Each structure stands twice: as C-alpha cells, then as structure tokens.
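Shown here: my_file.txt, compact mmCIF, C-alpha atoms.
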```
# COMPACT_ATOMS: atom_id res chain seq x y z
CA MET P 250 18.22 -76.00 -40.73
CA LYS P 251 21.94 -75.73 -39.95
CA THR P 252 21.19 -75.96 -36.20
CA LYS P 253 19.12 -79.12 -36.72
CA ASN P 254 21.96 -80.76 -38.67
CA ILE P 255 24.47 -79.91 -35.94
CA LEU P 256 22.10 -81.21 -33.27
CA LEU P 257 21.49 -84.42 -35.22
CA MET P 258 25.25 -84.95 -35.70
CA ASN P 259 25.87 -84.44 -31.97
CA VAL P 260 23.15 -86.97 -31.05
CA MET P 261 24.65 -89.50 -33.47
CA LEU P 262 28.15 -88.90 -32.07
CA ILE P 263 26.97 -89.38 -28.48
CA THR P 264 25.16 -92.59 -29.45
CA LEU P 265 28.28 -93.89 -31.20
CA VAL P 266 30.55 -93.12 -28.24
CA ALA P 267 28.10 -94.63 -25.75
CA GLY P 268 27.90 -97.78 -27.88
CA CYS P 269 31.69 -98.20 -27.63
CA ALA P 270 31.62 -98.28 -23.83
CA THR P 271 31.83 -101.87 -22.69
CA LYS P 272 31.58 -103.59 -19.36
CA PRO P 273 35.05 -104.71 -18.19
CA VAL P 274 35.73 -108.42 -18.55
CA ALA P 275 36.56 -110.08 -15.21
CA LEU P 276 39.03 -112.94 -15.47
CA ALA P 277 40.67 -115.32 -13.01
CA PRO P 278 44.44 -114.87 -12.53
CA VAL P 279 46.66 -116.37 -15.23
CA GLY P 280 49.80 -118.19 -14.09
CA PRO P 281 52.60 -120.33 -15.52
CA ARG P 282 51.81 -123.62 -17.20
CA PRO P 283 51.43 -126.33 -14.55
CA GLY P 284 54.43 -128.58 -14.23
CA ASP P 285 56.97 -126.06 -15.55
CA ARG P 286 60.23 -126.18 -13.64
CA THR P 287 60.90 -123.69 -10.91
CA SER P 288 64.26 -122.22 -9.96
CA TYR P 289 65.77 -120.31 -7.10
CA VAL P 290 65.64 -116.83 -8.60
CA SER P 291 63.27 -114.13 -7.36
CA THR P 292 62.12 -113.15 -10.83
CA GLY P 293 59.91 -114.73 -13.41
CA HIS P 294 59.00 -113.99 -17.00
CA LEU P 295 55.92 -112.71 -18.78
CA ARG P 296 54.99 -112.96 -22.45
CA VAL P 297 51.76 -111.36 -23.65
CA TYR P 298 50.36 -112.23 -27.07
CA SER P 299 48.31 -109.04 -27.27
CA GLY P 300 46.14 -108.15 -30.23
CA THR P 301 48.07 -107.31 -33.38
CA LYS P 302 48.23 -104.40 -35.80
CA THR P 303 48.58 -104.83 -39.54
CA ARG P 304 51.76 -103.27 -40.92
CA GLU P 305 52.23 -103.25 -44.69
CA ILE P 306 55.95 -102.79 -45.37
CA ALA P 307 55.76 -103.17 -49.13
CA GLU P 308 53.21 -104.35 -51.62
CA ASN P 309 52.10 -107.84 -50.50
CA THR P 310 54.52 -107.78 -47.54
CA ILE P 311 52.44 -107.61 -44.38
CA TYR P 312 53.46 -108.11 -40.76
CA TYR P 313 51.38 -108.38 -37.60
CA PRO P 314 53.33 -107.01 -34.61
CA HIS P 315 51.72 -107.31 -31.18
CA THR P 316 50.39 -104.14 -29.58
CA ALA P 317 51.90 -102.47 -26.53
CA TYR P 318 50.52 -103.08 -23.05
CA THR P 319 51.06 -102.02 -19.46
CA ILE P 320 51.95 -103.97 -16.35
CA ARG P 321 50.36 -102.58 -13.19
CA ASP P 322 50.55 -103.54 -9.53
CA PRO P 323 47.36 -104.81 -7.82
CA SER P 324 46.40 -101.22 -6.88
CA GLY P 325 46.62 -100.13 -10.53
CA LYS P 326 49.92 -98.23 -10.29
CA LEU P 327 52.02 -98.44 -13.46
CA VAL P 328 54.97 -100.82 -13.11
CA LYS P 329 56.10 -101.05 -16.73
CA TYR P 330 55.08 -100.10 -20.26
CA VAL P 331 55.93 -102.85 -22.75
CA PHE P 332 56.21 -101.89 -26.41
CA ASN P 333 55.87 -105.63 -27.22
CA HIS P 334 57.78 -105.72 -30.49
CA VAL P 335 61.00 -104.43 -31.98
CA GLY P 336 60.27 -102.68 -35.26
CA SER P 337 57.36 -103.09 -37.65
CA THR P 338 58.37 -106.58 -38.80
CA ASP P 339 58.73 -108.23 -35.38
CA GLU P 340 55.82 -110.61 -34.76
CA ILE P 341 57.17 -112.18 -31.56
CA PRO P 342 55.96 -110.57 -28.33
CA THR P 343 58.61 -109.37 -25.89
CA LEU P 344 59.73 -111.65 -23.05
CA VAL P 345 59.72 -109.49 -19.91
CA THR P 346 61.73 -110.34 -16.78
CA ILE P 347 59.82 -109.14 -13.73
CA PRO P 348 59.95 -109.70 -9.95
CA SER P 349 57.70 -112.49 -8.66
CA GLY P 350 54.28 -111.31 -7.54
CA SER P 351 50.77 -110.40 -8.66
CA TYR P 352 50.17 -107.90 -11.46
CA LEU P 353 47.46 -106.58 -13.75
CA ILE P 354 48.07 -106.64 -17.49
CA VAL P 355 46.15 -104.03 -19.50
CA ALA P 356 46.31 -105.01 -23.16
CA GLU P 357 44.38 -105.16 -26.41
CA SER P 358 42.47 -108.36 -27.07
CA ALA P 359 41.66 -109.36 -30.64
CA ARG P 360 37.96 -109.84 -29.75
CA TYR P 361 37.24 -107.71 -26.68
CA GLY P 362 39.29 -104.56 -27.13
CA ARG P 363 41.18 -103.41 -24.04
CA VAL P 364 41.07 -105.99 -21.23
CA THR P 365 42.65 -106.27 -17.80
CA VAL P 366 44.11 -109.68 -16.97
CA PRO P 367 45.38 -110.50 -13.47
CA VAL P 368 48.61 -112.53 -13.61
CA LYS P 369 50.83 -114.30 -11.13
CA ILE P 370 54.57 -114.26 -11.77
CA GLN P 371 56.42 -117.09 -10.04
CA ASP P 372 60.15 -117.56 -9.44
CA GLY P 373 61.95 -118.93 -12.50
CA ARG P 374 58.73 -119.59 -14.44
CA THR P 375 57.10 -117.97 -17.47
CA THR P 376 53.51 -116.77 -17.44
CA VAL P 377 51.99 -116.49 -20.93
CA VAL P 378 48.81 -114.56 -21.77
CA HIS P 379 47.12 -115.19 -25.14
CA LEU P 380 44.88 -112.33 -26.31
CA ASP P 381 45.49 -112.48 -30.06
CA GLY P 382 42.91 -115.23 -30.67
CA ASN P 383 45.48 -117.68 -32.06
CA TRP P 384 46.07 -120.05 -29.13
CA GLN P 385 44.37 -123.43 -29.13
CA ALA P 386 44.64 -125.18 -25.78
CA ALA P 387 44.27 -128.97 -25.76
CA SER P 388 40.61 -129.95 -25.74
CA SER P 389 41.30 -132.70 -23.18
CA LEU P 390 41.98 -130.16 -20.39
CA ALA P 391 39.55 -129.76 -17.51
CA ALA P 392 37.52 -126.55 -17.51
CA ASN P 393 39.18 -125.31 -14.32
CA GLU P 394 42.72 -125.51 -15.79
CA LEU P 395 42.35 -122.52 -18.11
CA VAL P 396 41.29 -118.89 -17.87
CA ARG P 397 38.78 -118.00 -20.56
CA LEU P 398 37.13 -114.91 -21.99
CA PRO P 399 33.30 -114.82 -21.85
CA ASP P 400 33.05 -116.40 -25.33
CA GLY P 401 35.13 -119.39 -24.16
CA GLU P 402 38.42 -118.35 -25.80
CA ALA P 403 41.32 -119.57 -23.63
CA VAL P 404 43.80 -116.84 -22.67
CA GLY P 405 46.14 -118.75 -20.35
CA TRP P 406 46.70 -121.30 -17.64
CA ARG P 407 44.78 -120.73 -14.43
CA ASN P 408 47.15 -119.69 -11.67
CA SER P 409 47.86 -122.96 -9.85
CA LEU P 410 47.98 -121.11 -6.51
CA ALA P 411 44.51 -119.66 -7.11
CA LYS P 412 43.23 -123.08 -8.22
CA ALA P 413 44.51 -124.67 -5.00
CA ALA P 414 42.62 -122.07 -2.95
CA GLU P 415 39.27 -122.94 -4.58
```

When written as structure tokens, how does the structure in this file appear?
Amino acid sequence: MKTKNILLMNVMLITLVAGCATKPVALAPVGPRPGDRTSYVSTGHLRVYSGTKTREIAENTIYYPHTAYTIRDPSGKLVKYVFNHVGSTDEIPTLVTIPSGSYLIVAESARYGRVTVPVKIQDGRTTVVHLDGNWQAASSLAANELVRLPDGEAVGWRNSLAKAAE
C-alpha cells in the first residue's frame, strides 16, 4: 500500500511539472517610441516593467516592486543582471544605461511567466518593455506599431528599424 501511494504521488508530481512547461513566446524586437529624440551618445536606456511581487510591509501597507531580470546578448550570454527595484517599497523599475545594440531581455511577465523579449537599444533613446499588464497603448495605433503577446497585450513599441525592413 505504501509503495502504491509513493508511486501515485510521483505520477502526480511528474504531471504537475510537465503541465508547467510552456512553449516559449516569440516576439518581434521592441525599440524606443517612434519620434523620440536621438542624441550623439553611444548608449541608450532600458526600462523593463517586469511582473511584480507583493510585499506587505505592515498591516494594510502593500507594495508591488518589479521583479529582477537579465539582459543577454543575441547569443544568450549574460550581459547584466538587473535587480529592478531598490528596497521592498520601490515600485519604479530601474533605468539602465547600456551600449547601443541588440539584446534579449529575460523577465517575468504578469500573464505568461518567464518570457524572452528581443530589444533594440538606440543612441540617446529609451526602450521600454511593459510586462506587468498595466500599460494601455492608444487604440488608434496601427497593428504593426506595437509588439504584442499572443493574447494581444501590448508590451512595447515595435523596433522602427525592424519595421522598416518589413
């Protein structure tokens, strides 16, 4: 009887773990908002509104800091780990200064768990990625102006260089 219970628990555990495996979400590269000013510096900025964690500091005092994420080069090599908040009460994601180029952001999404988002960092411009489910892009925008998750949630502006190549 004990062996059957252990076997049954193992089968349930394997089923649970297999159910958590998801197919990676493929997204178009996210870039700076079109029309933002450029400058003559060789760095840009990145701000990632990753999923949040609930932090209760005191009774009825709750904060939602953004979760950490990694910045990787196109081959997947780690470039930078970003803690993405300062302390348990900081709800503003970190603004990262980074050399211009293409990167992969691996972060928690509010709806899809861990996702990989390709981004383009351009000189003197800020690329913003919205994964916390709170960004509402203007409904008047053309479909090809935004990068969206499979459910239609907008996560950022389509990289204007990628859009021009289409």

| task | Could you tell me which of P:Asn393, P:Asn383, P:Thr346, P:Gln371 comes closest to His294 of chain P if we count only C-alpha atoms? | result |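 Nearest to His294 of chain P: P:Thr346.
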
| field | Selected residue of minimal separation from Gly382 of chain P among P:Ser349, P:Asn309, P:Thr365, P:Ser358, counting all atoms listed in the file | value |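 Nearest candidate to Gly382 of chain P out of P:Ser349, P:Asn309, P:Thr365, P:Ser358: P:Ser358.
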
| query | Please, what distance in Å, to one decimal, runs between atom CA of Thr301 of chain P and atom CA of Tyr313 of chain P? | reply |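 Answer for the atom CA of Thr301 of chain P to atom CA of Tyr313 of chain P separation: 5.5 Å.
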
| request: Rank P:Ala386, P:Ala391, P:Ile306, P:Ile347 by their smallest atom-to-atom distance to Val328 of chain P, using all atoms listed in the file, and report the top residue only. | output: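 Once distances to Val328 of chain P are computed over all atoms listed in the file, the minimum belongs to P:Ile347.
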
| message | To one decimal place in Å, what is the distance between atom CA of Lys326 of chain P and atom CA of Pro399 of chain P? | response | 26.2 Å

| request: Would you mind telling me which residue in P:Arg363, P:Lys369, P:Arg282, P:Lys302 lies nearest to Pro323 of chain P when using only C-alpha atoms? | output: P:Lys369

| message | When you count only C-alpha atoms, which of these residues is closest to Pro367 of chain P: P:Asn408, P:Ser389, P:Thr316, P:Ser337? | response |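 Comparing P:Asn408, P:Ser389, P:Thr316, P:Ser337 against Pro367 of chain P, the winner is P:Asn408.
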
| Selected residue, from P:His315, P:Ala387, P:Thr375, P:Glu305, that lies nearest to Asp339 of chain P when counting only C-alpha atoms | P:His315

| said: Quick check, in Å to one decimal: how far apart do atom CA of Arg397 of chain P and atom CA of His379 of chain P lie? | reply: 9.9 Å

| said: Please list as a VMD selection string every residue within 9 Å of Gly362 of chain P, counting all atoms listed in the file and excluding residues in the same chain fewer than 5 positions away. | reply: chain P and resid 300 356 to 357

Centre and edge lengths of an axis-aligned box around all listed atoms of segment 301-320 of chain P, with 8 Å added on each side, are to be given in Å to one decimal, as JSON.
```
{"center_x": 52.0, "center_y": -105.2, "center_z": -34.0, "size_x": 23.9, "size_y": 22.4, "size_z": 51.3}
```

| said: Taking 6 positions as the minimum chain separation for residues in the same chain, which residues sit within 6 Å of Val377 of chain P when counting all atoms listed in the file? Answer as a ChimeraX atom specification. | reply: /P:295-297

Working from the structure I just supplied, which lacks atoms in segment 383-410 of chain P, can you model N, CA and C atoms there and output them as an mmCIF file, keeping the file's coordinate frame?
```cif
data_model
loop_
_atom_site.group_PDB
_atom_site.id
_atom_site.type_symbol
_atom_site.label_atom_id
_atom_site.label_comp_id
_atom_site.auth_asym_id
_atom_site.auth_seq_id
_atom_site.Cartn_x
_atom_site.Cartn_y
_atom_site.Cartn_z
ATOM 1 N N ASN P 383 44.817 -116.622 -31.296
ATOM 2 C CA ASN P 383 45.480 -117.680 -32.060
ATOM 3 C C ASN P 383 45.861 -118.911 -31.262
ATOM 4 N N TRP P 384 45.636 -118.920 -29.953
ATOM 5 C CA TRP P 384 46.070 -120.050 -29.130
ATOM 6 C C TRP P 384 44.970 -121.082 -29.034
ATOM 7 N N GLN P 385 45.315 -122.317 -29.274
ATOM 8 C CA GLN P 385 44.370 -123.430 -29.130
ATOM 9 C C GLN P 385 44.881 -124.348 -28.042
ATOM 10 N N ALA P 386 44.261 -124.282 -26.868
ATOM 11 C CA ALA P 386 44.640 -125.180 -25.780
ATOM 12 C C ALA P 386 44.096 -126.574 -26.094
ATOM 13 N N ALA P 387 44.723 -127.585 -25.543
ATOM 14 C CA ALA P 387 44.270 -128.970 -25.760
ATOM 15 C C ALA P 387 42.839 -129.138 -25.283
ATOM 16 N N SER P 388 42.021 -129.775 -26.075
ATOM 17 C CA SER P 388 40.610 -129.950 -25.740
ATOM 18 C C SER P 388 40.401 -130.933 -24.590
ATOM 19 N N SER P 389 41.428 -131.697 -24.243
ATOM 20 C CA SER P 389 41.300 -132.700 -23.180
ATOM 21 C C SER P 389 41.461 -132.083 -21.782
ATOM 22 N N LEU P 390 41.762 -130.793 -21.696
ATOM 23 C CA LEU P 390 41.980 -130.160 -20.390
ATOM 24 C C LEU P 390 40.665 -129.944 -19.650
ATOM 25 N N ALA P 391 40.727 -130.029 -18.338
ATOM 26 C CA ALA P 391 39.550 -129.760 -17.510
ATOM 27 C C ALA P 391 39.233 -128.271 -17.571
ATOM 28 N N ALA P 392 37.972 -127.938 -17.413
ATOM 29 C CA ALA P 392 37.520 -126.550 -17.510
ATOM 30 C C ALA P 392 38.215 -125.640 -16.511
ATOM 31 N N ASN P 393 38.576 -126.161 -15.346
ATOM 32 C CA ASN P 393 39.180 -125.310 -14.320
ATOM 33 C C ASN P 393 40.685 -125.117 -14.509
ATOM 34 N N GLU P 394 41.280 -125.655 -15.569
ATOM 35 C CA GLU P 394 42.720 -125.510 -15.790
ATOM 36 C C GLU P 394 43.074 -124.264 -16.592
ATOM 37 N N LEU P 395 42.091 -123.661 -17.252
ATOM 38 C CA LEU P 395 42.350 -122.520 -18.110
ATOM 39 C C LEU P 395 41.521 -121.311 -17.705
ATOM 40 N N VAL P 396 42.039 -120.129 -18.005
ATOM 41 C CA VAL P 396 41.290 -118.890 -17.870
ATOM 42 C C VAL P 396 40.718 -118.572 -19.239
ATOM 43 N N ARG P 397 39.435 -118.234 -19.275
ATOM 44 C CA ARG P 397 38.780 -118.000 -20.560
ATOM 45 C C ARG P 397 38.048 -116.665 -20.576
ATOM 46 N N LEU P 398 37.960 -116.086 -21.770
ATOM 47 C CA LEU P 398 37.130 -114.910 -21.990
ATOM 48 C C LEU P 398 35.666 -115.355 -21.990
ATOM 49 N N PRO P 399 34.722 -114.429 -21.891
ATOM 50 C CA PRO P 399 33.300 -114.820 -21.850
ATOM 51 C C PRO P 399 32.835 -115.685 -23.015
ATOM 52 N N ASP P 400 33.467 -115.571 -24.192
ATOM 53 C CA ASP P 400 33.050 -116.400 -25.330
ATOM 54 C C ASP P 400 33.691 -117.781 -25.319
ATOM 55 N N GLY P 401 34.497 -118.080 -24.281
ATOM 56 C CA GLY P 401 35.130 -119.390 -24.160
ATOM 57 C C GLY P 401 36.558 -119.436 -24.668
ATOM 58 N N GLU P 402 37.047 -118.368 -25.290
ATOM 59 C CA GLU P 402 38.420 -118.350 -25.800
ATOM 60 C C GLU P 402 39.397 -118.430 -24.632
ATOM 61 N N ALA P 403 40.314 -119.404 -24.676
ATOM 62 C CA ALA P 403 41.320 -119.570 -23.630
ATOM 63 C C ALA P 403 42.394 -118.501 -23.778
ATOM 64 N N VAL P 404 42.764 -117.872 -22.645
ATOM 65 C CA VAL P 404 43.800 -116.840 -22.670
ATOM 66 C C VAL P 404 45.044 -117.241 -21.887
ATOM 67 N N GLY P 405 44.974 -118.319 -21.104
ATOM 68 C CA GLY P 405 46.140 -118.750 -20.350
ATOM 69 C C GLY P 405 45.804 -119.820 -19.341
ATOM 70 N N TRP P 406 46.853 -120.285 -18.677
ATOM 71 C CA TRP P 406 46.700 -121.300 -17.640
ATOM 72 C C TRP P 406 46.199 -120.637 -16.370
ATOM 73 N N ARG P 407 45.238 -121.254 -15.713
ATOM 74 C CA ARG P 407 44.780 -120.730 -14.430
ATOM 75 C C ARG P 407 45.933 -120.795 -13.451
ATOM 76 N N ASN P 408 46.098 -119.747 -12.677
ATOM 77 C CA ASN P 408 47.150 -119.690 -11.670
ATOM 78 C C ASN P 408 46.975 -120.882 -10.727
ATOM 79 N N SER P 409 47.970 -121.742 -10.669
ATOM 80 C CA SER P 409 47.860 -122.960 -9.850
ATOM 81 C C SER P 409 47.671 -122.635 -8.375
ATOM 82 N N LEU P 410 48.189 -121.496 -7.900
ATOM 83 C CA LEU P 410 47.980 -121.110 -6.510
ATOM 84 C C LEU P 410 46.537 -120.721 -6.275
#
```
